[in-house]
Structures are given as C-alpha cells and as structure tokens.
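Written out below as structure tokens is the structure these notes cover.
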Amino acid sequence: MDLTSVTNVTNDLHNFAKIGTLFFYNFPRTPSFSTLAPDDWNWYDPPYNEKVHLLTQDGGKSNYADFLLEVNYLVKRGVIRVTYKQFCIRRRKIILGRVYCLFNDCANYGKVETFREGTRRGKPTAWHQSRQKKALQTVLEVLDFSPIAWNIRSTHQLVRYFQMYQTVLVSFIKQRFSGNIHRSSDSFTMYRLLNRKPFQTSNEQQQPILSLEERVIALYNRIQSPIVNRHDTQFNSAVSMILNNEIKDLKSVLYKYQRRSIVRMLEKELYPSSSLSPNLVVVPDLYKTNLFYLHVTELTFQRDKSTLSLPRSGILAENMGLGKTCLCLVLIYITKYQLPTIPKEFRYKSQQTEKVISLQELCVNMLSRESLSWKQFRSELPASCIKALRSHPPSFQYTTSTNETRKSARLKVNDTITISKQLYLSAATLVIVPDNLYRQWITEIDKHFSPNAFELLGFPQGSDPEFPPLEKLLDVDIILIASSIFARENDSSDSILRCIYWKRLIVDEGHSMSSKISRPSELARSLYVERKWVISGTPTRGLTRLHVNKEEVQKPFNAKDDLLKLGFLITKFLNVPLWSNDPKAWNQQVVRPFISKCFNSELQLFQILNSLMVRHSVTEVEDQVDLPPLVHDVVLIEPGYYNRISVNLFTSLLATNAVTSERTDRDYMFHPSNGAELRRLITNLQRATFYWTGFSVEDIRALMSICQKSLKKKNDDGTAYYSPRDRDLLQNSLRTAKLALSNKRWRTASAIHEMNYYVSNVIHQFASNLSLDTYRNGLTTYGAPQLYQLQKAFFKYRFVRSQLGLEERLTEDLKPFWKNYWNLVWRKDIQRIKNHDGQPIKQETIASAIKNPKWSTKFTAKEKKELTDYSDSFTETMSEFREGESVNDQLRQSTVVGTGSAKLSYLTARLLEHQAGGIKSLVFFEFEDSAYYLSEALDLLGVKYFMYASYKKPIERAENLVKFTEIESGAALIMDLKLASHGLTIIAATRVYFINPVWRRDLEAQAIKRAHRIGQQKEVKVETLILRGTIEEEMLQQRSAESSSNNERDSASVIENRGIQEYVLKHEFLPINFHDVEYSPFECSSISNKPIGSNSEKEPPELLETESRVDNGIRRWNVPLVSMNYENGQVVGSKLVKEGSLTRSRKRAIETVTGANTNLTRKKVRFFE
C-alpha cells in the first residue's frame, strides 16, 4: 500500500470541498502534535488509539466524546479533513474546525479507495459504507455552513458571531452530565447547505407537520408550466407557426397555454434532453461562485455532474377538460411526415450488402438510413420514384440478446438467447383509447381539423381485429384502436404491431399503463416505439386536481401506492434508463427516501416529475380560459308519502334494534363486527329517498311483533323494562309498521316492486282490468307496465262507443299481457334471489299483500279511524262508461297526476320543461333502481333520453353519447356516476342533475366537468336533489364540514362519518298521517313564467298535449294519459319491460329472530342484504 500517494491526495485541500464549520469546547490540555495545514490553520489528526485518556483543563482524565469518534472515523477513512484554530474567550478555549469533504472524482481517488479497502479491519465494505454515511450525516446536521463562520480569524469576530447567530458548541471530551446535541432534520440540513446558512432551529420548529399525502400534493403543485425554448431554424419555424396559430387545416383557435404545451411536447420529442441525475443536488461553494455536487443517496461529493438521459416521451397531465385530445392531434399533424430515427447501433449495420446496387436503390437506402420522409413531396416525384419508395419501405435489422437461466440435472446453466427481426419504420401515430372514448376522438378530429388533414385507420370496439397489410399500416397518419381490440393483439406473438418501429404511441387515459398485468399494458411495453405519451389528467389518484368554480377538490388516495404506480409508469412504460433495468430501484431510490424524508428526496422526486410531465398551473389556465358561469344549487324536496313510509321503516328497524339489543354486544347494529351490514343498510336508506320496495309484509309483521312484545316487557317490580325514551321509539316504530301494512297500495307495490302511478278519470272497464288499486277522488293506481298497456288498449278501442261486451273483450285481450307480466315478475324474482335481495315472491305473498291485515280487526276505534278507511269501494270510485261516447272522448281527459316518488315527479317535471325548451340535460345516478324508475317514467311521458349505464356494452354507450350530442331537440342523458370520470366530453348538456347527493366531492367534480369544460359556450346549471329531513340533508352538512376542515379523506363511506352516525342514532321519524296525499304531483320551480302547451282549442277526437302553467313561480304539469307525444299507439323509445334492467337491486333490510318460545328479554332485530 503506497501511503505516500494517499497522503498526497488527502493533504491537498484542492481535492476537497469546503463544507462548513464546527465549534468545540473542552479541548484537551495536551492535544496531540499538530502540523500546519495549507489554509494556515492546524491539521486535526486523531490518535490511532481512540481509547487513550485525554487530560482535561482541570487535570482530570476523560475519553473522546461520541461525536468526536464519528469525526475521527471519517478523518481516518480519508472522507473528510479537519483544520482547526484555537480562540480564548474569558479564559475559556473555543476551537473552530473547518470541515473539508473529499471529491470522489478527484485525481488519484482510486488510491484512496485502495487504502480504505486495505484498512477494513475485518469489517465488510458494505458495513464501512453504511457507517461512513451515518457518521457524515451526523456531522452535517450540526455544521455551520455560512461563509462568515468559515472566515472567523479573531476572538472579536467570534464573540460577535455568537451574539448574532445561533451555534452548537460540541464538547471535545465525554462529559458525565451532558445533554443531547440538537440536530436538525435531513430536509432542513439540506436547506441550510444549499443556501449556506448558519445553524438554525427556530425556522424548523415553525414548519407545519405534513402527512405523506399532503407532501405529495404540495410537490405536484410545484410542477412548472412549460417554457418555450429555441433550437435550430426548422424547430423555430414550427414554434412560430404554433405560437401564432398558423397551423394549416386546424379550424380551432388554440389557447396560449395549449400552444406552449404543444411546443414543449415537440421539443421533448425532437431534442431529447438530459437532466441532472436525480441522486445529485447542486451545492454552491462558500462564496457561491462555483458549484459542486452532492450525491444524496451515497452522501458523497463530486466536482463534475452526472446526467440522466430522458426519453423522447412524457406525460401530458393537463387538468381535466383542458383539451388534451386536441393537443395530441396538433402534435400528430405537425410531425405527420416525420419518420422515427433508426437507433445508432443498427443504422449502418442494416445497410450492409455485397451486391452492386443501382443509383435509385442507393438513394432509397440513404433515405431509409437517415429517416428522411418523402411523402410531403409526392406531388413532385415521378411515378417510378414513388413506386420504388413504396416497394422498399425503410427498415432495419433489430437484434438483441437476453440471458436466461435453466436448470440441468445438477447445475444452473446460463443461456444467451438472440432475437433478430426486421422492423419497418412508420410515420404513423398509434393511438390507444378506451372503448367509450373512440367516438369522441373521431368527433374531435372532425371538430378541430379539415376533412383531409389526416389519413386515419380506425378499429372501434366490436370491429374486425384483422389488421390490413403492412403497406397500408405504413401509409397512414393515425391508427386509432379501441383498448379492447388492442388487448386482443397481446395474445398474438406474431402480431403485425410488433413488426413496426413506431414513431409515436399515445395512450389516452394512460394511467392504465401503471398496471403490471393488464393485456394492453403488456402489449404497449413490448412494442418498438421511439416516442411515447401518456395522456391523463389523473396519472395517479393523488395527482388529480379538480377545479370547479375556482374551488379545488382533492381525490382521496394512498400516497405510497400512488408513488409505486407512478414509478411503474415511468420505469416500465416510458423506460427511463436509470430505473428500467432494476424493478426494485424506483422503490429503493425514490419512494423509500421520500417517505423517510431523506436528504433531497423531495427535490429528487420533483425533478423527475418536472422533467417528464407537461402541465400548467391552475391559475395560469384560469387567466386564459374564460369558461361560462357554473351555478350549483341544492334543491330540497318535501318527502312524498311513500318516501316517508320507507324512511320511517328504516328508522324503526334501527331504533328497535338499538332498544332490544340494549345497545351492547354483537346484536347491536353499531357493534364493530356489524360494519358491513350497517353500510348496506345505510346504503338502502339512501336509496329509499328515491323509492323503496324492499320490505315485505312478513318483514313488517315481524317488526310489529317485536315492538308489541317489547312494550309488554316488565321488570320484577312490575314497572316498564325500557326507559320512556326507548318506549317512545318502540311506539313510533309500531305506528309506522301499522301505517305501512294498512295501506293496500304500499303492500301491493312492495310485493311486485313497481312504482305507483296515479291516474284520474279512467273508466271502469279499463281500470278493473289493469289498475293495481283505487284511491280517493276517482284516482286509480298502476305500475309502469300496466300503464303502458292501458295506453296501448286506448288506441285499440278508442272509437268504441258501447260498453256492451267491452269488459269481457278487454279481459280476454289482456290475458297474454298478464301472463307475460307475471313470467317477467318471476324472472325478476330469480335475479333478486341471486343478488341476495330478499325472499322469493309467491302468489300467496301477493294475495296476502292485497288483503287487509288480520290484526286490523283488533284496532281500537281511534286506530281504525286513523289507519284504515274501508268505505273505499272499488267500483264506486271509478268513472262509469257513458253510452254513446267513444272511448277516445272518455279517456281523452284522463291524466297522470303524479307518482309515488317525490324526486321522480320533480325530475320528470324538470325534464319535460327542458324538452319543451330544447335543453339537453345530464342526469347522474348512483343507484341503478332510481335510473330504472326514471327511464320508465320518461318512456311513459314520451321524453327523449339515452342511457349511459354500466349494464350496457361500451359500444352502445358510445353510440348513445353520439346520438345525444347530435340530436337537435331537448333530451336527457342518464349516466352512471361511476362512469363520469372516464374522460368524456358532454358539452351538449347545459343542465346537470344528481339524483342523490354525492358523498365524495371529487366524484361530483368529475361528473360536473363532463359538461363544464373547454368548448362549453353556455351557462351550466347543476342541481343536487335532497329529500328534506332525511339522511341526505345531513350528508350535505357533514360533507361541507369535512371540506372546511380539510378532512375529506377521513371518511370514505357515509356511515364512517361521526356526524352521520350521531344523526342515525337520534332515530328521528318523519311526520306522516294516514290521510296525507299519497302521490307527488309533477311540479317544480319554473325557469320562466311562460306557459307550455295549450289544449284550449283542441276538439275531440284530437288528442291533448302535455301542458303546464306557472303559479307563484311553480310550474305545474297536466300530463294526459295519452297525448300527442305518442305515435300510432306506441310510446316513442319505450318497451313493455326493460329486460336489460331487470337486475335492479332489491335489498332486503330485515331478518327477524322469531319463535314461539323466544325469551322476550333477548328479542333482537338483525339486518342483512
């Protein structure tokens, strides 16, 4: 070992970085001999034996302090050198030490490493590396990095420095009673080093403690908006064309931020750059005139920087609704004639040939080797040249080798496998889109570009997956493929997509590429592509920033999972070299340090995201984009009669459970073990605010029995067992159960699961064959299938003028209808059983529901008066046939006066008004049964609508979206809320309705963004329907409370919110009486005071039209049973029963523990799905 050469390196301070200053006290009385260092201070040379006793100033003996042992270790290993100078303040010695760190790229550094390897003293190299890093980190935490401290040369300067700045005095020797040295965090130490600050603690204490999720969000918000740079003349010309909006064939005018984003994407593709290695941080020297670099992972210093080569790829992460599709199309258009460049290692190898070739072939080969496109000059080339160029498409021989390990009988054998294939260069851009967005891309192309701007080859969902010949694929500009078609190609190892070296791959909603196992992700990673772009406003859940009316909405997320998914996207799809070859590198080098708040981890992650992502800050976009106003109102709707019954029944179940379980043990619904059951029950309670038929007569009878027996329960002394409050809950529950069971229309609707429609002036012959029951004032009730059949029967018998034989004919004609109807009911029932939605519907169940309950004979006179009304006669309350008048004239005045759902009646009234005004509406539903009932009502009333629900195939959803966009009249798009985040643009809609309040604000914001986004020219009005006095009203208040307290992620589901739990535990009943009106009329607050429709001049047999009048700001609709909305006896767009929707959920809410010998003290109510 050549110690002289090592000493020459470590004694030359030019090989070291000037880091900072240490302040020592308790310096030994007889320190070891010191020599003069090049900076005119003394070298600090620790003794070989650190266990030697040091003499203190008072003559005692002591050992080195622990901190000095770390310093000694670093000096001995040649990691640092320390020079010192002694000062005396009031007879007390203070030592200033200058700390230098060795550059690991200095001359002869290898000799120092050889010295370290030879002095390991039995310890492995990894142990020394870990010890070295920890020791240096300990020293850096207490160093003073300011140039003022470094340049202290006199006692006066030292005293003044102590007066002005906070310092840490480190004892040189170990003391019996000594406090811990205050050390700053890694991030704060890094801040002091980069800014050359003295030691500080006060600023650090003021920093708020952020969660991991909050740190990720703050980091994402710091990503810088694109900056326009200039390069060569050709690029500058393209930049000028973009910035000046002078792009040929582009019909739209781009916003300024869009133009800058396109320029940035173009720059990343044409001029692949390199950035400072993420492990390095730039450190200024003491005087900030020169720079050196700190490797934060290894904690070493170096003079020269190392760089990371960035791919010609990136993530277009502009926020939702900011025109990302348009940006991609412009990028494709500007570069559509460019060919990908043959990789250098294959360029000349591919052109080798032994035969003599013609000049024409030489030119073709040259064009191929240099990736020069000729298509833009095709009009100027002779036919022979074009033929030669087409017959010899540019290509190269791609060769790669991989090592695979196989096991023989005894040994592991490494085999080298060489893959060689011919790849053809394509100027086309391969665009992969979700199935439901395929049509939207076609629409965007037609909207923004002239007809001949692109040569497009498309493969929508359901199309023939067979790709055309290679020549065709190489001759187009865009190949647009639905994701399902693209996924099929992954199963084909010889897919033609794998034979092409693509210029560009764009994946819309590209966050799907973070999946490790999906077929589209696997195929995308296996393709040969020069440039890749992930298009997503939500690259991960945490990086989702939704802005509605300048209000920011954050999506709940798990920060660690997000960072790992982002890492897979960056390393495996974008192929960033530093991490692409090691699957564990991203987690070890980026995620773990960030979570642990290691040196520079936040800056490292920021540099990665900033170099790969193209996005603008929200404020910058808002300054340029002036979206039309967005008005979001909450509409409080008074609960209907059936809404009150359903909500009160749920309250009764919870109240009875609380009382009988005595609010303890597993039988209590709020016991932790019943979490899943409680969530299902609360979900059903939310559904009941629209309409609910999930309770059976047997369920309610069991509930009554429990309440009655519990009320009779006594203590040993004869007093009531339960408290007055609990007895009130039982009494209210019992009254609710009796009220429900005494209503024949409720029992019938619950038995056959139909919405009740109330119709006036239906003559006896029709009502007796089709109605479900009668109601006061001549009203009869129907389900949607019965009402639709009544409309059909009207058109068949409309000109009949005699009742002779009419009823018999009707009865006979309707037999097929009733047979088919009951068959469908049984089929629906089978599906309900599969979905665990309750007990099977039996004929005796329906018959029992229609009869008055047996226990009604035991009512007191007061109860009978309140709960029953047997004077209702089926025949007396219906209109009689008037001889001589046609059925047309007698049913012409029949009207549908309302429904059993307050929300359904309100929403139908709104959509009737919008259809009359030519306004398009977007209706979001969370529960499928509400969408089912709404579509039934719109069919019956002739309101045009389109379904966008998960039970429909993606291709049907896409077609419906196109129809909704292109239809010129007013219409509604009924959309599943779960599908609202899939990148859809629905700016044709200017009215948005939420049938139920949305608990998660990010989902609500995503849904609103479908309509309120770039391209929208009209004001967008949003309404959230809330049933007054129910859990929905409390949800709205609690959600606002969580939002204001920045606690949105605390309760992912409704019942997990403490405020909701407290509300449910109050067991508040909605007021209801037997004689309340059962139906909710079609009425809503009016947009204008103008009447709609007029029947004053219509004479029989002309049908009436749906009309409305405004009274005190309320628009009330008169809806004829059959009107001009119907054609040839057929409701436009309706079906008798929507078999596709028969899977609507029916969740049973009650299971009753019964039995003749059950002990009343342990009577329980249990719930299940």
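Every chain in the structure tokens takes a letter, A first, then B, and so on in the order presented; its residues are numbered from 1, and the ligands are numbered from 1 following the presented order.
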List every residue of segment 235-379 of chain A that DSSP, applied to the backbone of this structure, places in strand (DSSP E or B), and write the result as a list in words.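 The strand (DSSP E or B) subset of segment 235-379 of chain A is Leu250, Ser274, Ser275, Leu276, Leu280, Val281, Val282, Val283, Pro284, Leu291, Phe292, Tyr293, Leu294, His295, Thr300, Phe301, Gln302, Thr307, Leu308, Ser309, Gly314, Ile315 and Leu316 of chain A.
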Among segment 271-388 of chain A, which ones does DSSP assign to helix (DSSP H, G or I) (computed from the backbone)? Answer as a ChimeraX atom specification. /A:324-334,344-347,349-351,359-369,375-380,383-388
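Interatomic distance, atom CA of Arg264 of chain A to atom CA of Gly323 of chain A: 15.4 Å.
Neighbouring residues of segment 344-348 of chain A at 7 Å or closer, counting only C-alpha atoms and skipping chain neighbours under 5 positions away, are Arg369, Phe396, Gln397 and Tyr398 of chain A.
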Pick from A:Asn996, A:Thr233, A:Asn1089, A:Asn436: nearest to Gly983 of chain A, with only C-alpha atoms counted?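 Ranked by minimum distance to Gly983 of chain A, first place goes to A:Asn436.
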Report as a PDB file with N, CA and C atoms, in the first residue's frame all protein, DNA and RNA residues lying within 8 Å of segment 784-793 of chain A, evaluated on only C-alpha atoms, omitting residues in the same chain fewer than 2 positions from it.
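Contents of part_0.pdb, as written:
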```
ATOM      1  N   GLU A 754     -93.147  -2.305  -8.074  1.00  0.00           N
ATOM      2  CA  GLU A 754     -93.468  -1.351  -9.126  1.00  0.00           C
ATOM      3  C   GLU A 754     -93.636   0.038  -8.529  1.00  0.00           C
ATOM      4  N   MET A 755     -93.338   1.043  -9.354  1.00  0.00           N
ATOM      5  CA  MET A 755     -93.606   2.419  -8.988  1.00  0.00           C
ATOM      6  C   MET A 755     -95.102   2.675  -9.128  1.00  0.00           C
ATOM      7  N   ASN A 756     -95.718   3.341  -8.153  1.00  0.00           N
ATOM      8  CA  ASN A 756     -97.136   3.666  -8.228  1.00  0.00           C
ATOM      9  C   ASN A 756     -97.349   4.942  -9.042  1.00  0.00           C
ATOM     10  N   TYR A 757     -98.180   4.838 -10.077  1.00  0.00           N
ATOM     11  CA  TYR A 757     -98.618   6.000 -10.849  1.00  0.00           C
ATOM     12  C   TYR A 757    -100.101   6.208 -10.583  1.00  0.00           C
ATOM     13  N   PHE A 766    -111.665  -0.349 -18.111  1.00  0.00           N
ATOM     14  CA  PHE A 766    -110.203  -0.371 -18.247  1.00  0.00           C
ATOM     15  C   PHE A 766    -109.528  -0.498 -16.883  1.00  0.00           C
ATOM     16  N   LEU A 770    -106.759  -3.422 -15.334  1.00  0.00           N
ATOM     17  CA  LEU A 770    -105.340  -3.067 -15.344  1.00  0.00           C
ATOM     18  C   LEU A 770    -104.841  -2.376 -14.085  1.00  0.00           C
ATOM     19  N   SER A 771    -105.699  -1.731 -13.330  1.00  0.00           N
ATOM     20  CA  SER A 771    -105.204  -0.977 -12.176  1.00  0.00           C
ATOM     21  C   SER A 771    -104.796  -1.911 -11.048  1.00  0.00           C
ATOM     22  N   TYR A 782    -101.411   2.403 -10.898  1.00  0.00           N
ATOM     23  CA  TYR A 782    -100.859   1.472 -11.868  1.00  0.00           C
ATOM     24  C   TYR A 782     -99.347   1.406 -11.687  1.00  0.00           C
ATOM     25  N   PHE A 795    -105.604   3.007 -27.702  1.00  0.00           N
ATOM     26  CA  PHE A 795    -105.547   3.147 -29.152  1.00  0.00           C
ATOM     27  C   PHE A 795    -106.300   2.025 -29.869  1.00  0.00           C
ATOM     28  N   LYS A 796    -106.404   0.871 -29.234  1.00  0.00           N
ATOM     29  CA  LYS A 796    -107.118  -0.237 -29.879  1.00  0.00           C
ATOM     30  C   LYS A 796    -108.619  -0.034 -29.811  1.00  0.00           C
ATOM     31  N   TYR A 797    -109.111   0.520 -28.702  1.00  0.00           N
ATOM     32  CA  TYR A 797    -110.559   0.640 -28.512  1.00  0.00           C
ATOM     33  C   TYR A 797    -111.033   2.092 -28.520  1.00  0.00           C
ATOM     34  N   ARG A 798    -110.263   3.011 -29.039  1.00  0.00           N
ATOM     35  CA  ARG A 798    -110.548   4.433 -28.878  1.00  0.00           C
ATOM     36  C   ARG A 798    -111.862   4.857 -29.523  1.00  0.00           C
ATOM     37  N   PHE A 817    -101.024 -10.358 -21.849  1.00  0.00           N
ATOM     38  CA  PHE A 817    -100.214  -9.373 -21.137  1.00  0.00           C
ATOM     39  C   PHE A 817     -99.939  -9.820 -19.707  1.00  0.00           C
ATOM     40  N   TYR A 821     -96.497 -10.712 -18.057  1.00  0.00           N
ATOM     41  CA  TYR A 821     -96.065  -9.854 -16.947  1.00  0.00           C
ATOM     42  C   TYR A 821     -95.654 -10.696 -15.750  1.00  0.00           C
ATOM     43  N   GLU A 936     -88.435   4.456 -16.914  1.00  0.00           N
ATOM     44  CA  GLU A 936     -89.847   4.056 -17.080  1.00  0.00           C
ATOM     45  C   GLU A 936     -90.740   5.275 -17.223  1.00  0.00           C
ATOM     46  N   ALA A 937     -90.556   6.250 -16.329  1.00  0.00           N
ATOM     47  CA  ALA A 937     -91.409   7.441 -16.354  1.00  0.00           C
ATOM     48  C   ALA A 937     -91.218   8.231 -17.638  1.00  0.00           C
ATOM     49  N   LEU A 940     -93.024   6.558 -20.470  1.00  0.00           N
ATOM     50  CA  LEU A 940     -94.474   6.734 -20.395  1.00  0.00           C
ATOM     51  C   LEU A 940     -94.902   8.127 -20.834  1.00  0.00           C
ATOM     52  N   LEU A1121    -103.070  11.027 -20.061  1.00  0.00           N
ATOM     53  CA  LEU A1121    -102.740   9.603 -20.094  1.00  0.00           C
ATOM     54  C   LEU A1121    -102.206   9.223 -21.469  1.00  0.00           C
ATOM     55  N   VAL A1122    -102.860   9.696 -22.514  1.00  0.00           N
ATOM     56  CA  VAL A1122    -102.391   9.520 -23.890  1.00  0.00           C
ATOM     57  C   VAL A1122    -102.390  10.891 -24.537  1.00  0.00           C
ATOM     58  N   GLY A1129    -100.116   4.605 -31.259  1.00  0.00           N
ATOM     59  CA  GLY A1129    -100.286   3.741 -30.098  1.00  0.00           C
ATOM     60  C   GLY A1129     -98.991   3.245 -29.500  1.00  0.00           C
ATOM     61  N   GLN A1130     -97.840   3.793 -29.919  1.00  0.00           N
ATOM     62  CA  GLN A1130     -96.556   3.353 -29.389  1.00  0.00           C
ATOM     63  C   GLN A1130     -95.847   4.524 -28.720  1.00  0.00           C
ATOM     64  N   LEU A1136     -92.126  -2.594 -23.154  1.00  0.00           N
ATOM     65  CA  LEU A1136     -93.058  -3.014 -22.115  1.00  0.00           C
ATOM     66  C   LEU A1136     -92.337  -3.217 -20.794  1.00  0.00           C
ATOM     67  N   VAL A1137     -91.258  -3.988 -20.825  1.00  0.00           N
ATOM     68  CA  VAL A1137     -90.417  -4.173 -19.653  1.00  0.00           C
ATOM     69  C   VAL A1137     -88.971  -4.215 -20.124  1.00  0.00           C
TER      70      VAL A1137
END
```
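Among A:Pro1071, A:Phe87, A:Lys953, A:Arg121, the residue with the shortest atom-to-atom distance to Val159 of chain A, counting only C-alpha atoms, is A:Phe87.
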